[in-house]
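Since the structure comes first, as structure tokens, the remarks are kept for the end.
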Amino acid sequence: MATLLEIENLQTHFFTSAGVVKAVDGVSYTVDEGETVAVVGESGCGKSVTAMSILRLIPWPPGKIVGGSIRFDGQDLLQLTEEEMRNIRGRDIGMIFQEPMTSLNPVLTIGLQLTETLMAHTNITEKKAIERAVELLGMVGISEPERRLVQYPHHLSGGMRQRVVIAMALSCDPKLIIADEPTTALDVTIQAQILELMKDLTKRLGVAMIVITHNLGVVARYADRVNVMYAGRIIESGSAQDIYYNPKHPYTLALLKSVPRMDQARQAKLDPVDGQPPDLSKLDAGCSFRARCRFATVKCAQEYPALEQVSDTQYAACWEKDNLEEKAS
Amino acid sequence: MSTTDAAVRDDAQFRGTHSDEVLVEVNDLKMFFPVTEGILIHRVVAHVKAVNGVSFQIKKGETLGLVGESGCGKTTTGRCMIQLEQATSGEILYQGTDITKLDSQEMIDFRKKIQIIFQDPFSSLNPRMTIGDIIAEPMKVHGIIDDPTERRQRVLELLTKCGLKANFAERYPHEMSGGQRQRVGIARALAMNPEFIICDEAVSALDVSIQAQVINLLEDLREEFGLTYLFISHDLSVIRHICHRVAVMYLGNMVELADCDELYDNPLHPYTQALLEAVPIPDPDLENARAHKIVKGEIPSPINPPTGCVFHPRCEKAVASCSQNVPEFREVKPGHWVACTEV
């Protein structure tokens, strides 16, 4: 498959009164056509800021993309004018946010919000746009789509609203969809419905997707490849199988161990990651995870480990990556 | 990457931590919130049936899990039990005394025994008080420790107990992370030496690595002080880890109640089965091998719940009578209760 999106050494910093917060500090990854890539990490690790940087939606001040390149479908997004960028947002790259209530306009009808996107990006008459909106709502499993067009977001439940947001993201046949915690605000039975819908639609339409989430269970089912982020950098990357069965970074290992699992015997005690994530404005030259790491050595304090290949599909940024298994046992 | 290196919980020991003495008993609890219309004259046009006839018991030293999706009434049930809401009808017996009938002086005494830990560690701490004052406040109000120096000593002791440094007492909530704030909430609840603590989504807002720290803390405190918990959560894997028995709620009704292992290994109610089916497991091969039967439809409005069994419009196993007859909450095997006629 051809590469659709290539992020190289992306750096997004926030210039605050308390200092420079390096929210994203040298992130590189690629997304192939039709592929689903997950970005996993805890609050403040930079996973959403990376996504916002792709769309160039970082508010200045205080945030700014200070380095790197984002090549999407043959062009560098960071070199485009604001006008050109606007044509890409919503048309070539669709977006699904966490909170469906805040990503829909509460004073416009569902129909208007759907047709607005269509008419802004494609040469289409209003009549055709309405037909397409009905078709889209049907596609995302909303009953009586004609009636829904004249309803407002508050008439719909959380799950229904998220379906509308998915319909909007898909409306202009995008090549890539960025879904930022798409099901975090939803109940578990509704979450399952929405995830299955997204998986089915992206497969059928051949759309690539970046799923940003903190839920390791969601990643296991829906992602072809996984990037694990910590303190503004990718610390491990690989196929879902690599990450879950053979993690090579102590943080990934600790993350997997700290969740209680329903498919395994109940443990006497959970095995949490000690301590707190670091302050992103006070990072030093060493590995940012070392304070919480049980494998840390002297070298970890001196130099940040580069993301290096450990197998055909897997990369990890850790000085001790080859000794983990031995040390863990 | 399995749990082979971690100790698997010894079930006999885990179960043996509680006695047979019933600490709390809830009988046919109902909580209806009025829906009003009109600007000057508020006419009651309907009721939100948040909790519609719920009964259960909690034994001393036990952790009962209350699980369900948004709007199922789990939080309202918890709030009624600590009298933050006046129940519409029903009894709440705490060691045999009906707490819905207490006068205000008796209520003050009762409140010392029972505490609550809230979900949001940001809104449940007063931003203008130092951590030390926040933890000392309940002791001051209830006159547990009147001497300021002694009280201060106790605050430091509680902070240490909850895994925080003593110098945190001088800080303000905004200087702390979510996990640290939740520890403050726990320290404040412990200040009264309570017997019973309601944890209302106490770990839901925390990141997974921090969540595990707080769960371990809650378990340690349970052992050390012989606490009884009502653990309210929507997270089925957390509930399974921490609870002895689990009750599943749906739209104001209790649909199933059983021992933790029994409920997870042998769920009987179609809703419980659907819930368990919907939880994604962090294991790619297992996930792809699962059938993923997905429950259809949405949760109906609690203002106008479906007739008969409230789950029947979404239920695969529903028969004609489900839309008319309210299923009885019955014991199908010892300790396993379920509200479904088709079991």
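Residue numbering restarts at 1 in every chain; chains get A, B, ... in the order shown in the structure tokens, and ligands count up from 1 in that same order.
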(message) I need the contact residues of chain B against chain A, so if you could list those with any atom within 7 Å, counting only C-alpha atoms, and return them as a list in words, that would help.
(response)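 So the contacting residues turn out to be Met1, Ala6, Ala7, Val8, Arg9, Glu69, Ser70, Asp207, Val208, Ser209, Ile210, Ala212, Gln213, Asn216, Ser237, Val238, His241, Leu275, Ala278, Val279, Pro280, Ile281, Pro282, Asp283, Pro284, Glu287, Asn288, Ile294 and Val295 of chain B.
Atom pair atom CA of Arg233 of chain A / atom CA of Glu308 of chain A: separated by 13.2 Å.
Remark: for Ile65 of chain A, the closest of the candidate residues A:Thr183, A:Val31, A:Met85, A:Thr12 is A:Thr12 (distances computed over only C-alpha atoms).
Omitting segment 128-130 of chain A and its sequence neighbours fewer than 5 positions away, and counting only C-alpha atoms, the residues within 7 Å are Thr115, Leu118 and Met119 of chain A.
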(message) Can you measure atom CA of Ile198 of chain B to atom CA of Asp103 of chain B for me? One decimal in Å is fine.
(response) 21.9 Å
(message) With only C-alpha atoms as the counted atoms, please give the residues lying no more than 10 Å from segment 13-30 of chain A, apart from itself and same-chain residues fewer than 6 positions off, as a ChimeraX atom specification.
(response) /A:3-7,37,44-50,53,58-72,227,229-235,237,279-283,307
Please produce a file of those selected residues containing N, CA and C atoms, as a tab-separated table (two decimals), in the first residue's frame.
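The resulting file, part_37.tsv, is shown below:
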```tsv
chain	number	residue	atom	x	y	z
A	3	THR	N	2.04	5.05	0.83
A	3	THR	CA	1.99	5.87	2.04
A	3	THR	C	1.11	7.08	1.78
A	4	LEU	N	0.17	7.31	2.68
A	4	LEU	CA	-0.76	8.44	2.52
A	4	LEU	C	-0.27	9.64	3.32
A	5	LEU	N	0.13	9.38	4.54
A	5	LEU	CA	0.53	10.46	5.43
A	5	LEU	C	1.89	10.12	6.02
A	6	GLU	N	2.78	11.10	5.99
A	6	GLU	CA	4.10	10.87	6.55
A	6	GLU	C	4.48	12.05	7.43
A	7	ILE	N	4.54	11.79	8.73
A	7	ILE	CA	4.91	12.84	9.67
A	7	ILE	C	6.37	12.63	10.01
A	37	VAL	N	-4.40	3.29	12.10
A	37	VAL	CA	-3.26	3.43	13.00
A	37	VAL	C	-3.77	4.00	14.32
A	44	GLY	N	-2.11	14.29	28.31
A	44	GLY	CA	-0.94	15.15	28.25
A	44	GLY	C	0.27	14.54	27.59
A	45	CYS	N	0.13	13.42	26.91
A	45	CYS	CA	1.31	12.82	26.27
A	45	CYS	C	1.53	13.39	24.88
A	46	GLY	N	0.58	14.20	24.39
A	46	GLY	CA	0.76	14.85	23.10
A	46	GLY	C	0.03	14.17	21.95
A	47	LYS	N	-0.81	13.19	22.25
A	47	LYS	CA	-1.46	12.46	21.16
A	47	LYS	C	-2.48	13.33	20.41
A	48	SER	N	-3.25	14.14	21.14
A	48	SER	CA	-4.20	15.01	20.46
A	48	SER	C	-3.51	16.17	19.77
A	49	VAL	N	-2.45	16.69	20.39
A	49	VAL	CA	-1.73	17.82	19.78
A	49	VAL	C	-1.12	17.39	18.44
A	50	THR	N	-0.64	16.16	18.36
A	50	THR	CA	-0.12	15.65	17.10
A	50	THR	C	-1.21	15.68	16.03
A	53	SER	N	-2.02	19.12	14.96
A	53	SER	CA	-0.94	19.67	14.14
A	53	SER	C	-1.10	19.24	12.69
A	58	ILE	N	-3.58	24.20	15.61
A	58	ILE	CA	-2.95	24.60	16.88
A	58	ILE	C	-3.13	26.11	17.06
A	59	PRO	N	-3.77	26.55	18.13
A	59	PRO	CA	-4.00	27.99	18.31
A	59	PRO	C	-2.70	28.74	18.62
A	60	TRP	N	-2.44	29.78	17.84
A	60	TRP	CA	-1.29	30.64	18.11
A	60	TRP	C	-1.76	32.03	18.47
A	61	PRO	N	-1.28	32.65	19.59
A	61	PRO	CA	-0.54	32.02	20.65
A	61	PRO	C	-1.43	31.11	21.49
A	62	PRO	N	-0.89	30.22	22.27
A	62	PRO	CA	0.50	30.00	22.63
A	62	PRO	C	1.18	28.88	21.82
A	63	GLY	N	0.41	28.14	21.00
A	63	GLY	CA	1.01	26.95	20.39
A	63	GLY	C	1.58	27.22	19.01
A	64	LYS	N	2.59	26.48	18.63
A	64	LYS	CA	3.20	26.68	17.32
A	64	LYS	C	3.93	25.40	16.89
A	65	ILE	N	3.80	25.08	15.61
A	65	ILE	CA	4.58	23.97	15.06
A	65	ILE	C	5.96	24.54	14.76
A	66	VAL	N	6.98	24.11	15.48
A	66	VAL	CA	8.29	24.74	15.33
A	66	VAL	C	9.24	23.93	14.45
A	67	GLY	N	8.84	22.72	14.08
A	67	GLY	CA	9.76	21.97	13.23
A	67	GLY	C	9.10	20.73	12.67
A	68	GLY	N	9.74	20.16	11.64
A	68	GLY	CA	9.26	18.92	11.07
A	68	GLY	C	8.47	19.14	9.81
A	69	SER	N	7.98	18.03	9.23
A	69	SER	CA	7.16	18.14	8.04
A	69	SER	C	6.03	17.13	8.12
A	70	ILE	N	4.91	17.46	7.47
A	70	ILE	CA	3.76	16.57	7.40
A	70	ILE	C	3.40	16.43	5.93
A	71	ARG	N	3.77	15.33	5.31
A	71	ARG	CA	3.45	15.12	3.89
A	71	ARG	C	2.18	14.28	3.80
A	72	PHE	N	1.18	14.87	3.14
A	72	PHE	CA	-0.09	14.18	2.98
A	72	PHE	C	-0.39	14.12	1.49
A	227	ASN	N	0.98	3.19	17.81
A	227	ASN	CA	2.07	4.04	18.29
A	227	ASN	C	1.79	4.38	19.74
A	229	MET	N	2.63	6.72	22.88
A	229	MET	CA	3.30	8.00	23.15
A	229	MET	C	3.48	8.22	24.64
A	230	TYR	N	4.57	8.89	24.99
A	230	TYR	CA	4.81	9.30	26.37
A	230	TYR	C	5.59	10.60	26.36
A	231	ALA	N	5.10	11.58	27.07
A	231	ALA	CA	5.76	12.88	27.21
A	231	ALA	C	6.21	13.47	25.87
A	232	GLY	N	5.30	13.48	24.90
A	232	GLY	CA	5.56	14.18	23.65
A	232	GLY	C	6.32	13.40	22.59
A	233	ARG	N	6.64	12.15	22.88
A	233	ARG	CA	7.37	11.36	21.87
A	233	ARG	C	6.74	9.98	21.71
A	234	ILE	N	7.01	9.38	20.57
A	234	ILE	CA	6.60	7.99	20.39
A	234	ILE	C	7.68	7.13	21.02
A	235	ILE	N	7.29	6.27	21.95
A	235	ILE	CA	8.29	5.46	22.63
A	235	ILE	C	8.28	4.02	22.11
A	237	SER	N	6.44	1.52	18.72
A	237	SER	CA	5.57	1.47	17.56
A	237	SER	C	5.65	0.06	16.98
A	279	ASP	N	6.68	16.93	34.00
A	279	ASP	CA	6.27	18.26	33.55
A	279	ASP	C	6.94	18.52	32.19
A	280	LEU	N	6.11	18.75	31.16
A	280	LEU	CA	6.65	18.85	29.80
A	280	LEU	C	7.47	20.12	29.55
A	281	SER	N	7.44	21.06	30.51
A	281	SER	CA	8.26	22.25	30.32
A	281	SER	C	9.62	22.09	30.99
A	282	LYS	N	9.80	20.98	31.68
A	282	LYS	CA	11.06	20.80	32.42
A	282	LYS	C	11.75	19.49	32.05
A	283	LEU	N	11.68	19.12	30.77
A	283	LEU	CA	12.34	17.88	30.36
A	283	LEU	C	13.84	18.09	30.21
A	307	LEU	N	14.33	6.03	18.66
A	307	LEU	CA	13.38	4.98	18.28
A	307	LEU	C	14.09	4.06	17.30
```
(message) Run DSSP on the backbone and tell me which residues of segment 61-187 of chain A come out as alpha helix (DSSP H); list them as a count of residues only.
(response) 54
(message) Can you measure atom CA of Phe311 of chain B to atom CA of Tyr250 of chain B for me? One decimal in Å is fine.
(response)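 Going from atom CA of Phe311 of chain B over to atom CA of Tyr250 of chain B, I get 7.6 Å.
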(request) For Cys162 of chain B, please output as a PyMOL selection string all residues within 12 Å (counting only C-alpha atoms; exclusion window: fewer than 3 positions along the same chain). (result) chain B and resi 135+155-159+165-166+168+179-191+213-221
(message) At a cut-off of 10 Å, using only C-alpha atoms, what residues contact Gly252 of chain B? Leave out same-chain residues fewer than 6 positions from it and give the result as a list in words.
(response)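 The residues satisfying every condition are Leu29, Lys30, Met31, Phe32, Val48, Lys49, Ala50, Val51, Asn52, Gly53, Val54, Gly68, Gly71, Cys72, Gly73, Lys74, Thr76, Thr77, Pro302, Pro305 and Val310 of chain B.
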(request) Going by DSSP on the backbone, which bits of segment 93-248 of chain A are strand (DSSP E)? Write them as JSON, numbers by chain, please. (result) {"A": [93, 94, 95, 96, 176, 177, 178, 179, 180, 208, 209, 210, 211, 212, 213, 225, 226, 227, 228, 229, 230, 233, 234, 235, 236, 237, 238, 239]}
Now that the selection is made, can you save its residues with N, CA and C atoms as a short mmCIF file (atom, residue, chain, number, x, y, z; two decimals), in the first residue's frame?
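Saved file result31.cif follows:
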```
data_model
loop_
_atom_site.label_atom_id
_atom_site.label_comp_id
_atom_site.auth_asym_id
_atom_site.auth_seq_id
_atom_site.Cartn_x
_atom_site.Cartn_y
_atom_site.Cartn_z
N ILE A 93 -9.31 15.27 4.63
CA ILE A 93 -9.13 14.73 5.98
C ILE A 93 -10.38 15.03 6.79
N GLY A 94 -11.06 13.99 7.24
CA GLY A 94 -12.25 14.15 8.08
C GLY A 94 -11.84 14.06 9.53
N MET A 95 -12.69 14.61 10.40
CA MET A 95 -12.31 14.66 11.81
C MET A 95 -13.49 14.21 12.67
N ILE A 96 -13.21 13.36 13.64
CA ILE A 96 -14.23 12.96 14.61
C ILE A 96 -13.68 13.27 15.99
N LEU A 176 -8.48 10.27 4.58
CA LEU A 176 -8.03 10.00 5.95
C LEU A 176 -9.05 10.56 6.94
N ILE A 177 -9.30 9.78 8.01
CA ILE A 177 -10.14 10.29 9.09
C ILE A 177 -9.31 10.28 10.36
N ILE A 178 -9.35 11.39 11.09
CA ILE A 178 -8.68 11.43 12.39
C ILE A 178 -9.77 11.37 13.46
N ALA A 179 -9.74 10.33 14.28
CA ALA A 179 -10.76 10.17 15.31
C ALA A 179 -10.09 10.32 16.67
N ASP A 180 -10.40 11.43 17.36
CA ASP A 180 -9.78 11.73 18.64
C ASP A 180 -10.70 11.26 19.77
N ALA A 208 -8.34 5.60 5.25
CA ALA A 208 -7.36 5.40 6.31
C ALA A 208 -7.84 6.12 7.56
N MET A 209 -7.40 5.65 8.74
CA MET A 209 -7.88 6.28 9.96
C MET A 209 -6.78 6.33 11.01
N ILE A 210 -6.72 7.46 11.71
CA ILE A 210 -5.87 7.56 12.89
C ILE A 210 -6.80 7.59 14.09
N VAL A 211 -6.71 6.59 14.96
CA VAL A 211 -7.56 6.57 16.16
C VAL A 211 -6.70 6.95 17.35
N ILE A 212 -7.12 8.00 18.04
CA ILE A 212 -6.39 8.43 19.23
C ILE A 212 -7.19 7.97 20.43
N THR A 213 -6.58 7.23 21.32
CA THR A 213 -7.34 6.71 22.45
C THR A 213 -6.43 6.40 23.62
N ARG A 225 -1.84 -0.93 13.19
CA ARG A 225 -0.58 -0.58 13.83
C ARG A 225 -0.82 0.34 15.01
N VAL A 226 0.10 0.32 15.97
CA VAL A 226 -0.07 1.08 17.20
C VAL A 226 1.17 1.91 17.47
N ASN A 227 0.98 3.19 17.81
CA ASN A 227 2.07 4.04 18.29
C ASN A 227 1.79 4.38 19.74
N VAL A 228 2.73 4.10 20.62
CA VAL A 228 2.54 4.45 22.03
C VAL A 228 3.31 5.73 22.30
N MET A 229 2.63 6.72 22.88
CA MET A 229 3.30 8.00 23.15
C MET A 229 3.48 8.22 24.64
N TYR A 230 4.57 8.89 24.99
CA TYR A 230 4.81 9.30 26.37
C TYR A 230 5.59 10.60 26.36
N ARG A 233 6.64 12.15 22.88
CA ARG A 233 7.37 11.36 21.87
C ARG A 233 6.74 9.98 21.71
N ILE A 234 7.01 9.38 20.57
CA ILE A 234 6.60 7.99 20.39
C ILE A 234 7.68 7.13 21.02
N ILE A 235 7.29 6.27 21.95
CA ILE A 235 8.29 5.46 22.63
C ILE A 235 8.28 4.02 22.11
N GLU A 236 7.18 3.64 21.48
CA GLU A 236 7.14 2.32 20.88
C GLU A 236 6.13 2.30 19.75
N SER A 237 6.44 1.52 18.72
CA SER A 237 5.57 1.47 17.56
C SER A 237 5.65 0.06 16.98
N GLY A 238 4.52 -0.46 16.55
CA GLY A 238 4.54 -1.80 15.98
C GLY A 238 3.14 -2.27 15.65
N SER A 239 3.01 -3.52 15.19
CA SER A 239 1.68 -4.06 14.94
C SER A 239 1.01 -4.30 16.28
#
```
